[in-house]
>>> print(open('my_file-v7.tsv').read())   # TSV, N, CA and C atoms
chain	number	residue	atom	x	y	z
A	13	MET	N	73.77	-51.58	-4.55
A	13	MET	CA	75.08	-51.58	-3.94
A	13	MET	C	76.13	-51.89	-5.00
A	14	THR	N	77.19	-51.07	-5.03
A	14	THR	CA	78.24	-51.23	-6.03
A	14	THR	C	79.33	-52.16	-5.51
A	15	SER	N	79.73	-53.07	-6.34
A	15	SER	CA	80.80	-53.98	-5.97
A	15	SER	C	82.14	-53.27	-6.08
A	16	ASN	N	83.06	-53.60	-5.19
A	16	ASN	CA	84.37	-52.97	-5.21
A	16	ASN	C	85.19	-53.34	-6.43
A	17	ASN	N	84.86	-54.45	-7.09
A	17	ASN	CA	85.65	-54.83	-8.24
A	17	ASN	C	85.00	-54.44	-9.57
A	18	VAL	N	84.08	-53.50	-9.53
A	18	VAL	CA	83.48	-52.96	-10.75
A	18	VAL	C	83.70	-51.46	-10.76
A	19	ILE	N	84.18	-50.95	-11.88
A	19	ILE	CA	84.32	-49.50	-12.00
A	19	ILE	C	83.41	-48.98	-13.10
A	20	HIS	N	82.97	-47.75	-12.91
A	20	HIS	CA	82.05	-47.12	-13.83
A	20	HIS	C	82.79	-46.03	-14.60
A	21	LEU	N	82.61	-46.05	-15.89
A	21	LEU	CA	83.27	-45.07	-16.75
A	21	LEU	C	82.25	-44.38	-17.64
A	22	ILE	N	82.54	-43.15	-17.97
A	22	ILE	CA	81.79	-42.44	-19.00
A	22	ILE	C	82.73	-42.31	-20.18
A	23	VAL	N	82.28	-42.72	-21.36
A	23	VAL	CA	83.07	-42.59	-22.57
A	23	VAL	C	82.37	-41.57	-23.45
A	24	GLU	N	83.07	-40.46	-23.68
A	24	GLU	CA	82.55	-39.42	-24.57
A	24	GLU	C	83.05	-39.71	-25.98
A	25	LEU	N	82.13	-39.72	-26.91
A	25	LEU	CA	82.45	-40.00	-28.30
A	25	LEU	C	82.46	-38.68	-29.07
A	26	THR	N	83.47	-38.46	-29.88
A	26	THR	CA	83.58	-37.23	-30.65
A	26	THR	C	83.74	-37.57	-32.13
A	27	GLY	N	83.51	-36.59	-32.96
A	27	GLY	CA	83.78	-36.74	-34.39
A	27	GLY	C	83.08	-37.93	-35.02
A	28	ILE	N	83.85	-38.69	-35.77
A	28	ILE	CA	83.29	-39.83	-36.51
A	28	ILE	C	82.76	-40.91	-35.56
A	29	ALA	N	83.38	-41.06	-34.38
A	29	ALA	CA	82.89	-42.05	-33.42
A	29	ALA	C	81.48	-41.70	-32.98
A	30	LYS	N	81.23	-40.42	-32.74
A	30	LYS	CA	79.89	-39.97	-32.35
A	30	LYS	C	78.91	-40.20	-33.49
A	31	ASP	N	79.34	-39.93	-34.71
A	31	ASP	CA	78.48	-40.15	-35.88
A	31	ASP	C	78.12	-41.62	-36.04
A	32	ILE	N	79.10	-42.50	-35.89
A	32	ILE	CA	78.86	-43.94	-36.06
A	32	ILE	C	77.97	-44.48	-34.94
A	33	ALA	N	78.27	-44.07	-33.70
A	33	ALA	CA	77.52	-44.59	-32.55
A	33	ALA	C	76.13	-43.96	-32.44
A	34	GLY	N	75.98	-42.78	-32.97
A	34	GLY	CA	74.69	-42.10	-32.89
A	34	GLY	C	74.41	-41.50	-31.53
A	35	GLN	N	75.44	-41.37	-30.71
A	35	GLN	CA	75.28	-40.73	-29.41
A	35	GLN	C	76.60	-40.11	-28.99
A	36	LYS	N	76.49	-39.15	-28.07
A	36	LYS	CA	77.66	-38.39	-27.64
A	36	LYS	C	78.44	-39.07	-26.52
A	37	GLU	N	77.75	-39.78	-25.63
A	37	GLU	CA	78.46	-40.46	-24.56
A	37	GLU	C	77.71	-41.69	-24.11
A	38	ILE	N	78.48	-42.61	-23.55
A	38	ILE	CA	77.90	-43.84	-23.01
A	38	ILE	C	78.52	-44.10	-21.65
A	39	GLN	N	77.82	-44.86	-20.84
A	39	GLN	CA	78.36	-45.30	-19.56
A	39	GLN	C	78.62	-46.80	-19.67
A	40	ILE	N	79.79	-47.20	-19.21
A	40	ILE	CA	80.11	-48.63	-19.23
A	40	ILE	C	80.67	-49.02	-17.87
A	41	GLU	N	80.57	-50.29	-17.57
A	41	GLU	CA	81.15	-50.87	-16.37
A	41	GLU	C	82.16	-51.91	-16.80
A	42	ILE	N	83.30	-51.90	-16.13
A	42	ILE	CA	84.31	-52.93	-16.37
A	42	ILE	C	84.82	-53.41	-15.01
A	43	ALA	N	85.46	-54.55	-15.00
A	43	ALA	CA	86.07	-55.06	-13.77
A	43	ALA	C	87.28	-54.20	-13.44
A	44	SER	N	87.57	-54.05	-12.17
A	44	SER	CA	88.67	-53.19	-11.74
A	44	SER	C	90.03	-53.65	-12.25
A	45	ASP	N	90.14	-54.93	-12.62
A	45	ASP	CA	91.42	-55.41	-13.13
A	45	ASP	C	91.54	-55.28	-14.65
A	46	GLU	N	90.51	-54.74	-15.30
A	46	GLU	CA	90.56	-54.57	-16.75
A	46	GLU	C	91.32	-53.30	-17.11
A	47	THR	N	91.77	-53.24	-18.34
A	47	THR	CA	92.62	-52.15	-18.81
A	47	THR	C	91.91	-51.35	-19.91
A	48	TYR	N	92.64	-50.36	-20.41
A	48	TYR	CA	92.11	-49.58	-21.53
A	48	TYR	C	91.89	-50.45	-22.76
A	49	HIS	N	92.69	-51.51	-22.91
A	49	HIS	CA	92.45	-52.48	-24.00
A	49	HIS	C	91.02	-53.04	-23.90
A	50	ASP	N	90.61	-53.33	-22.67
A	50	ASP	CA	89.27	-53.90	-22.46
A	50	ASP	C	88.18	-52.87	-22.77
A	51	VAL	N	88.46	-51.60	-22.48
A	51	VAL	CA	87.49	-50.55	-22.81
A	51	VAL	C	87.33	-50.46	-24.33
A	52	VAL	N	88.45	-50.52	-25.05
A	52	VAL	CA	88.40	-50.49	-26.52
A	52	VAL	C	87.64	-51.70	-27.03
A	53	SER	N	87.89	-52.86	-26.44
A	53	SER	CA	87.19	-54.08	-26.83
A	53	SER	C	85.69	-53.96	-26.62
A	54	ARG	N	85.30	-53.35	-25.49
A	54	ARG	CA	83.88	-53.14	-25.21
A	54	ARG	C	83.26	-52.21	-26.26
A	55	LEU	N	83.99	-51.15	-26.63
A	55	LEU	CA	83.50	-50.24	-27.68
A	55	LEU	C	83.35	-50.98	-29.01
A	56	ALA	N	84.30	-51.85	-29.31
A	56	ALA	CA	84.23	-52.63	-30.56
A	56	ALA	C	83.02	-53.54	-30.56
A	57	ASP	N	82.69	-54.12	-29.40
A	57	ASP	CA	81.51	-54.98	-29.30
A	57	ASP	C	80.22	-54.18	-29.45
A	58	LEU	N	80.19	-53.00	-28.80
A	58	LEU	CA	78.99	-52.17	-28.85
A	58	LEU	C	78.77	-51.53	-30.22
A	59	TYR	N	79.87	-51.14	-30.85
A	59	TYR	CA	79.81	-50.42	-32.12
A	59	TYR	C	80.78	-51.05	-33.12
A	60	PRO	N	80.40	-52.20	-33.70
A	60	PRO	CA	81.31	-52.91	-34.61
A	60	PRO	C	81.75	-52.07	-35.80
A	61	ASN	N	80.97	-51.05	-36.17
A	61	ASN	CA	81.36	-50.22	-37.31
A	61	ASN	C	82.56	-49.33	-37.01
A	62	LEU	N	82.97	-49.24	-35.74
A	62	LEU	CA	84.18	-48.49	-35.40
A	62	LEU	C	85.45	-49.26	-35.75
A	63	VAL	N	85.33	-50.60	-35.85
A	63	VAL	CA	86.48	-51.44	-36.18
A	63	VAL	C	86.90	-51.14	-37.62
A	64	ASN	N	88.19	-51.01	-37.81
A	64	ASN	CA	88.83	-50.67	-39.08
A	64	ASN	C	88.67	-49.20	-39.46
A	65	ILE	N	87.98	-48.43	-38.64
A	65	ILE	CA	87.91	-46.99	-38.85
A	65	ILE	C	88.68	-46.29	-37.74
A	66	LEU	N	88.34	-46.59	-36.49
A	66	LEU	CA	89.06	-46.04	-35.33
A	66	LEU	C	89.73	-47.12	-34.51
A	67	ILE	N	89.15	-48.32	-34.52
A	67	ILE	CA	89.65	-49.43	-33.72
A	67	ILE	C	90.33	-50.45	-34.64
A	68	ALA	N	91.49	-50.92	-34.20
A	68	ALA	CA	92.25	-51.90	-34.98
A	68	ALA	C	91.48	-53.22	-35.08
A	69	PRO	N	91.79	-54.03	-36.10
A	69	PRO	CA	91.10	-55.32	-36.26
A	69	PRO	C	91.22	-56.24	-35.06
A	70	ASP	N	92.25	-56.08	-34.21
A	70	ASP	CA	92.38	-56.93	-33.02
A	70	ASP	C	91.35	-56.57	-31.95
A	71	LYS	N	90.64	-55.45	-32.12
A	71	LYS	CA	89.60	-54.98	-31.21
A	71	LYS	C	90.13	-54.70	-29.81
A	72	LYS	N	91.41	-54.44	-29.68
A	72	LYS	CA	92.00	-54.12	-28.38
A	72	LYS	C	92.79	-52.81	-28.41
A	73	ASN	N	93.07	-52.32	-29.61
A	73	ASN	CA	93.87	-51.11	-29.78
A	73	ASN	C	93.18	-50.16	-30.74
A	74	PHE	N	93.58	-48.90	-30.65
A	74	PHE	CA	93.11	-47.93	-31.62
A	74	PHE	C	94.03	-47.94	-32.83
A	75	LEU	N	93.48	-47.58	-33.96
A	75	LEU	CA	94.32	-47.30	-35.11
A	75	LEU	C	95.07	-46.00	-34.83
A	76	SER	N	96.09	-45.74	-35.60
A	76	SER	CA	96.92	-44.56	-35.40
A	76	SER	C	96.09	-43.28	-35.30
A	77	SER	N	96.51	-42.38	-34.44
A	77	SER	CA	95.92	-41.05	-34.25
A	77	SER	C	94.58	-41.05	-33.52
A	78	ASN	N	94.23	-42.14	-32.86
A	78	ASN	CA	93.03	-42.19	-32.03
A	78	ASN	C	93.47	-42.51	-30.60
A	79	LEU	N	92.89	-41.80	-29.62
A	79	LEU	CA	93.31	-42.02	-28.25
A	79	LEU	C	92.23	-41.56	-27.27
A	80	PHE	N	92.42	-41.96	-26.03
A	80	PHE	CA	91.56	-41.50	-24.94
A	80	PHE	C	92.24	-40.33	-24.23
A	81	ILE	N	91.46	-39.32	-23.90
A	81	ILE	CA	91.88	-38.26	-22.99
A	81	ILE	C	91.13	-38.53	-21.68
A	82	ILE	N	91.83	-38.46	-20.56
A	82	ILE	CA	91.23	-38.78	-19.26
A	82	ILE	C	90.74	-37.50	-18.59
A	83	ASN	N	89.46	-37.49	-18.22
A	83	ASN	CA	88.86	-36.39	-17.45
A	83	ASN	C	89.13	-35.02	-18.05
A	84	ASP	N	89.03	-34.94	-19.37
A	84	ASP	CA	89.17	-33.68	-20.11
A	84	ASP	C	90.53	-33.01	-19.94
A	85	GLU	N	91.53	-33.77	-19.52
A	85	GLU	CA	92.87	-33.21	-19.35
A	85	GLU	C	93.72	-33.58	-20.56
A	86	MET	N	93.95	-32.60	-21.42
A	86	MET	CA	94.75	-32.86	-22.63
A	86	MET	C	96.17	-33.28	-22.28
A	87	THR	N	96.62	-32.98	-21.06
A	87	THR	CA	97.96	-33.36	-20.64
A	87	THR	C	98.02	-34.82	-20.19
A	88	GLU	N	96.87	-35.50	-20.15
A	88	GLU	CA	96.85	-36.89	-19.69
A	88	GLU	C	96.23	-37.84	-20.71
A	89	PRO	N	96.81	-37.90	-21.91
A	89	PRO	CA	96.28	-38.88	-22.86
A	89	PRO	C	96.72	-40.28	-22.47
A	90	VAL	N	95.98	-41.26	-22.92
A	90	VAL	CA	96.32	-42.66	-22.65
A	90	VAL	C	97.22	-43.15	-23.78
A	91	PHE	N	98.47	-43.38	-23.44
A	91	PHE	CA	99.38	-43.97	-24.42
A	91	PHE	C	99.71	-45.41	-24.04
A	92	VAL	N	99.60	-45.75	-22.77
A	92	VAL	CA	99.89	-47.10	-22.31
A	92	VAL	C	98.55	-47.80	-22.07
A	93	MET	N	98.16	-48.60	-23.04
A	93	MET	CA	96.82	-49.19	-23.04
A	93	MET	C	96.64	-50.30	-22.01
A	94	ASP	N	97.74	-50.78	-21.42
A	94	ASP	CA	97.59	-51.84	-20.42
A	94	ASP	C	97.48	-51.30	-19.00
A	95	GLN	N	97.31	-49.98	-18.87
A	95	GLN	CA	97.03	-49.39	-17.56
A	95	GLN	C	95.54	-49.52	-17.25
A	96	HIS	N	95.19	-49.27	-16.00
A	96	HIS	CA	93.81	-49.43	-15.55
A	96	HIS	C	93.14	-48.07	-15.36
A	97	PRO	N	91.94	-47.88	-15.93
A	97	PRO	CA	91.20	-46.66	-15.62
A	97	PRO	C	90.72	-46.69	-14.18
A	98	ASN	N	90.36	-45.52	-13.66
A	98	ASN	CA	89.85	-45.40	-12.30
A	98	ASN	C	88.35	-45.22	-12.30
A	99	ASP	N	87.72	-45.67	-11.23
A	99	ASP	CA	86.27	-45.52	-11.10
A	99	ASP	C	85.88	-44.05	-11.26
A	100	GLY	N	84.89	-43.81	-12.09
A	100	GLY	CA	84.39	-42.46	-12.29
A	100	GLY	C	85.12	-41.67	-13.37
A	101	ASP	N	86.15	-42.25	-13.99
A	101	ASP	CA	86.86	-41.54	-15.04
A	101	ASP	C	85.95	-41.24	-16.22
A	102	ARG	N	86.21	-40.10	-16.83
A	102	ARG	CA	85.56	-39.72	-18.09
A	102	ARG	C	86.62	-39.85	-19.17
A	103	LEU	N	86.38	-40.75	-20.10
A	103	LEU	CA	87.31	-40.99	-21.20
A	103	LEU	C	86.73	-40.36	-22.46
A	104	THR	N	87.48	-39.46	-23.07
A	104	THR	CA	87.05	-38.86	-24.32
A	104	THR	C	87.81	-39.53	-25.44
A	105	LEU	N	87.09	-40.13	-26.38
A	105	LEU	CA	87.70	-40.75	-27.54
A	105	LEU	C	87.96	-39.66	-28.56
A	106	LEU	N	89.24	-39.38	-28.78
A	106	LEU	CA	89.64	-38.28	-29.64
A	106	LEU	C	90.32	-38.84	-30.87
A	107	SER	N	89.90	-38.35	-32.02
A	107	SER	CA	90.54	-38.69	-33.29
A	107	SER	C	91.35	-37.49	-33.73
A	108	VAL	N	92.64	-37.69	-33.81
A	108	VAL	CA	93.48	-36.60	-34.27
A	108	VAL	C	93.71	-36.82	-35.77
A	109	MET	N	92.94	-36.09	-36.55
A	109	MET	CA	93.01	-36.25	-37.99
A	109	MET	C	94.14	-35.37	-38.53
A	110	THR	N	94.97	-35.95	-39.37
A	110	THR	CA	96.04	-35.19	-39.99
A	110	THR	C	95.83	-35.19	-41.48
A	111	GLY	N	96.27	-34.15	-42.09
A	111	GLY	CA	96.09	-34.06	-43.53
A	111	GLY	C	97.32	-33.42	-44.17
A	112	GLY	N	97.33	-33.41	-45.47
A	112	GLY	CA	98.51	-32.86	-46.13
A	112	GLY	C	98.14	-32.04	-47.31
>>> encode(input="my_file-v7.tsv", output="structure tokens")
Amino acid sequence: MTSNNVIHLIVELTGIAKDIAGQKEIQIEIASDETYHDVVSRLADLYPNLVNILIAPDKKNFLSSNLFIINDEMTEPVFVMDQHPNDGDRLTLLSVMTGG
């Protein structure tokens, strides 16, 4: 039986995140009052090698050019990290690499 205050998320890892984690996607559970900051923190705990590469040293934010896309909708990136994900959301960790 699922508790109403727990939400289930699928996090798809792409690019270097997938290489570091050694897998394409993971399932995580967070409390319904947790935010995208908490999802990033959970990723930092699970994959400490992502810190200073994709995740900021505070383990709550991404470094520049890294973001979540919600449910494969490129029109719905997460820019406000203190918002709450919804149960069943698929978050794709996308690294937008820029070069010159």
>>> closest_residue(input="my_file-v7.tsv", among="A:Leu21, A:Leu105, A:Ile28, A:Asp84", to="Ile42 in chain A", atoms="only C-alpha atoms")
A:Leu21
>>> atom_distance(input="my_file-v7.tsv", atom1="CA of His96 in chain A", atom2="atom N of His20 in chain A")
11.3 Å
>>> residues_around(input="my_file-v7.tsv", residues="Glu24 in chain A", least_positions_apart="3", cutoff="9 Å", atoms="only C-alpha atoms", output="ChimeraX atom specification")
/A:30,35-39,102-106
>>> atom_distance(input="my_file-v7.tsv", atom1="CA of Glu41 in chain A", atom2="CA of Ala29 in chain A")
19.3 Å
>>> residues_around(input="my_file-v7.tsv", residues="Asp50 in chain A", least_positions_apart="6", cutoff="9 Å", atoms="only C-alpha atoms", output="PyMOL selection string")
chain A and resi 42+71-72+93-94
>>> select_by_dssp(input="my_file-v7.tsv", residues="chain A", states="strand (DSSP E or B)", output="JSON, numbers by chain")
{"A": [18, 19, 20, 21, 22, 23, 24, 25, 37, 38, 39, 40, 41, 42, 43, 63, 67, 74, 78, 79, 80, 81, 82, 85, 86, 87, 88, 89, 102, 103, 104, 105, 106, 107]}
>>> atom_distance(input="my_file-v7.tsv", atom1="CA of Ala43 in chain A", atom2="atom C of Gln95 in chain A")
11.5 Å
>>> closest_residue(input="my_file-v7.tsv", among="A:Tyr59, A:Ile32, A:Tyr48, A:Ile65", to="Ile81 in chain A", atoms="only C-alpha atoms")
A:Tyr48
>>> closest_residue(input="my_file-v7.tsv", among="A:Glu85, A:Phe80, A:Val52, A:Ala33", to="Ile67 in chain A", atoms="all atoms listed in the file")
A:Val52
>>> closest_residue(input="my_file-v7.tsv", among="A:Ile19, A:Leu62, A:Val108, A:Ala56", to="Leu79 in chain A", atoms="only N, CA and C atoms")
A:Val108
>>> closest_residue(input="my_file-v7.tsv", among="A:Val51, A:Val18, A:Pro89, A:Asn61", to="Gly34 in chain A", atoms="only C-alpha atoms")
A:Asn61
>>> closest_residue(input="my_file-v7.tsv", among="A:His49, A:Asn64, A:Asp57, A:Gly27", to="Val90 in chain A", atoms="only C-alpha atoms")
A:His49
>>> residues_around(input="my_file-v7.tsv", residues="Ser107 in chain A", least_positions_apart="6", cutoff="6.5 Å", atoms="all atoms listed in the file", output="PDB file with N, CA and C atoms, in the frame of the given file")
ATOM      1  N   THR A  26      83.470 -38.460 -29.880  1.00  0.00           N
ATOM      2  CA  THR A  26      83.580 -37.230 -30.650  1.00  0.00           C
ATOM      3  C   THR A  26      83.740 -37.570 -32.130  1.00  0.00           C
ATOM      4  N   SER A  77      96.510 -42.380 -34.440  1.00  0.00           N
ATOM      5  CA  SER A  77      95.920 -41.050 -34.250  1.00  0.00           C
ATOM      6  C   SER A  77      94.580 -41.050 -33.520  1.00  0.00           C
ATOM      7  N   ASN A  78      94.230 -42.140 -32.860  1.00  0.00           N
ATOM      8  CA  ASN A  78      93.030 -42.190 -32.030  1.00  0.00           C
ATOM      9  C   ASN A  78      93.470 -42.510 -30.600  1.00  0.00           C
ATOM     10  N   LEU A  79      92.890 -41.800 -29.620  1.00  0.00           N
ATOM     11  CA  LEU A  79      93.310 -42.020 -28.250  1.00  0.00           C
ATOM     12  C   LEU A  79      92.230 -41.560 -27.270  1.00  0.00           C
TER      13      LEU A  79
END
>>> decode(input="my_file-v7.tsv", residues="range 56-75 of chain A", atoms="N, CA and C atoms", output="PDB file, in the first residue's frame")
ATOM      1  N   ALA A  56      22.861  13.247  -5.568  1.00  0.00           N
ATOM      2  CA  ALA A  56      24.214  13.484  -5.048  1.00  0.00           C
ATOM      3  C   ALA A  56      24.606  12.408  -4.041  1.00  0.00           C
ATOM      4  N   ASP A  57      23.642  11.966  -3.222  1.00  0.00           N
ATOM      5  CA  ASP A  57      23.917  10.905  -2.251  1.00  0.00           C
ATOM      6  C   ASP A  57      24.160   9.569  -2.947  1.00  0.00           C
ATOM      7  N   LEU A  58      23.337   9.286  -3.963  1.00  0.00           N
ATOM      8  CA  LEU A  58      23.460   8.012  -4.671  1.00  0.00           C
ATOM      9  C   LEU A  58      24.711   7.947  -5.552  1.00  0.00           C
ATOM     10  N   TYR A  59      25.044   9.077  -6.154  1.00  0.00           N
ATOM     11  CA  TYR A  59      26.160   9.139  -7.106  1.00  0.00           C
ATOM     12  C   TYR A  59      27.057  10.331  -6.776  1.00  0.00           C
ATOM     13  N   PRO A  60      27.890  10.194  -5.731  1.00  0.00           N
ATOM     14  CA  PRO A  60      28.723  11.328  -5.302  1.00  0.00           C
ATOM     15  C   PRO A  60      29.649  11.847  -6.396  1.00  0.00           C
ATOM     16  N   ASN A  61      29.968  11.022  -7.386  1.00  0.00           N
ATOM     17  CA  ASN A  61      30.848  11.482  -8.458  1.00  0.00           C
ATOM     18  C   ASN A  61      30.182  12.500  -9.377  1.00  0.00           C
ATOM     19  N   LEU A  62      28.859  12.680  -9.257  1.00  0.00           N
ATOM     20  CA  LEU A  62      28.174  13.712 -10.035  1.00  0.00           C
ATOM     21  C   LEU A  62      28.411  15.112  -9.465  1.00  0.00           C
ATOM     22  N   VAL A  63      28.768  15.171  -8.170  1.00  0.00           N
ATOM     23  CA  VAL A  63      29.021  16.457  -7.520  1.00  0.00           C
ATOM     24  C   VAL A  63      30.278  17.074  -8.129  1.00  0.00           C
ATOM     25  N   ASN A  64      30.206  18.345  -8.415  1.00  0.00           N
ATOM     26  CA  ASN A  64      31.255  19.141  -9.055  1.00  0.00           C
ATOM     27  C   ASN A  64      31.391  18.865 -10.552  1.00  0.00           C
ATOM     28  N   ILE A  65      30.590  17.953 -11.079  1.00  0.00           N
ATOM     29  CA  ILE A  65      30.551  17.737 -12.525  1.00  0.00           C
ATOM     30  C   ILE A  65      29.212  18.222 -13.059  1.00  0.00           C
ATOM     31  N   LEU A  66      28.115  17.720 -12.488  1.00  0.00           N
ATOM     32  CA  LEU A  66      26.770  18.159 -12.863  1.00  0.00           C
ATOM     33  C   LEU A  66      26.038  18.821 -11.706  1.00  0.00           C
ATOM     34  N   ILE A  67      26.371  18.406 -10.490  1.00  0.00           N
ATOM     35  CA  ILE A  67      25.695  18.904  -9.288  1.00  0.00           C
ATOM     36  C   ILE A  67      26.641  19.845  -8.544  1.00  0.00           C
ATOM     37  N   ALA A  68      26.087  20.969  -8.104  1.00  0.00           N
ATOM     38  CA  ALA A  68      26.868  21.965  -7.365  1.00  0.00           C
ATOM     39  C   ALA A  68      27.344  21.398  -6.029  1.00  0.00           C
ATOM     40  N   PRO A  69      28.417  21.966  -5.468  1.00  0.00           N
ATOM     41  CA  PRO A  69      28.928  21.485  -4.180  1.00  0.00           C
ATOM     42  C   PRO A  69      27.904  21.512  -3.053  1.00  0.00           C
ATOM     43  N   ASP A  70      26.868  22.364  -3.142  1.00  0.00           N
ATOM     44  CA  ASP A  70      25.843  22.401  -2.089  1.00  0.00           C
ATOM     45  C   ASP A  70      24.931  21.172  -2.132  1.00  0.00           C
ATOM     46  N   LYS A  71      25.037  20.370  -3.190  1.00  0.00           N
ATOM     47  CA  LYS A  71      24.266  19.134  -3.376  1.00  0.00           C
ATOM     48  C   LYS A  71      22.761  19.384  -3.424  1.00  0.00           C
ATOM     49  N   LYS A  72      22.358  20.591  -3.770  1.00  0.00           N
ATOM     50  CA  LYS A  72      20.934  20.914  -3.886  1.00  0.00           C
ATOM     51  C   LYS A  72      20.586  21.528  -5.239  1.00  0.00           C
ATOM     52  N   ASN A  73      21.603  21.928  -5.982  1.00  0.00           N
ATOM     53  CA  ASN A  73      21.408  22.591  -7.267  1.00  0.00           C
ATOM     54  C   ASN A  73      22.291  21.954  -8.319  1.00  0.00           C
ATOM     55  N   PHE A  74      21.912  22.171  -9.566  1.00  0.00           N
ATOM     56  CA  PHE A  74      22.764  21.749 -10.663  1.00  0.00           C
ATOM     57  C   PHE A  74      23.767  22.850 -10.976  1.00  0.00           C
ATOM     58  N   LEU A  75      24.897  22.460 -11.497  1.00  0.00           N
ATOM     59  CA  LEU A  75      25.805  23.429 -12.074  1.00  0.00           C
ATOM     60  C   LEU A  75      25.164  23.952 -13.357  1.00  0.00           C
TER      61      LEU A  75
END
